[in-house]
Structures are given as structure tokens and as C-alpha cells.
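Since the structure comes first, as C-alpha cells, the remarks are kept for the end.
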Amino acid sequence: MARIGERWPRWVFVIISGAAIPLITNIKTAEQYKKMLGKMLCDADARIIDSDPNFMHALMRSIQEAYRQGAGGPSDDAIAIYKDWGLSVSEIAFPILL
């Protein structure tokens, strides 16, 4: 869904992303959140989540807080992540911290 931000105006992405707010804010347990994510998780992410019993709760609260004032901020973050940066991070030849 975040790739919409590459092709469509920001306001379209904010509306689409904002439609998820009721779902995100109504989840009350980490287990419900993990179930919602379901097959969206790759194997590596699932291993991290399963390795720490507190991780999913922290992730759930973090995402709920990100959307607390609306979808604008999370939408901007997603667009920044998925937008073409004009270079591949693998092309950087010296140590960096993102």
C-alpha cells in the first residue's frame, strides 16, 4: 500500500492509510495485533516477533501512537521509505547509520 505514495498525490495515500485507523486503534492485545498482521509478516519478522514476548506489544503501541493524531505522519514516513532515493544504499562505500 505504501507504494501508492510513489505514484499518487500524498492526500490520496493519507485517505487510504487513514481508513485503517479504526482497526489499528481498536486492537487491545498484542496477540490480536499479531493475528491482524498475519501473512504480511515475512519469516524474518515473524522470528523476531516470536523471539521476544514483549516485542509485539511494543510494536502495537508504537503504531497506535503513530496514528493517534491521524494518518499524515505515518503516511509521510511510508512515502519517504518507499520513494526512490535516487541511489541504492548498497552503492554507499563508507559506514553509515540510518
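All residue names refer to the C-alpha cells as shown: chains lettered A, B, ... in order, residues numbered from 1 in each chain, ligands numbered from 1 in order.
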
_List as an NGL selection string the protein and nucleic acid residues near region 66-80 of chain A, meaning an atom at most 7 Å away when only C-alpha atoms are counted, but skip any in the same chain fewer than 2 places from it._
:A and (2 or 5-6 or 13-14 or 17-18 or 21 or 62-64 or 82-83)

*Name the residues of chain A that come out as helix (DSSP H, G or I) in a backbone DSSP run; write them as a PyMOL selection string.*
chain A and resi 4-7+10-18+21-26+30-40+43-51+55-66+72-82+89-91

_Atomic separation - CA of His57 (chain A) relative to CA of Lys28 (chain A), Å_ = 9.5 Å

*Within 8 Å of region 31-35 of chain A, counting only C-alpha atoms, which residues show up once you throw out same-chain ones fewer than 3 positions away? Write them as a VMD selection string, please.*
chain A and resid 27 to 28 38 56 60
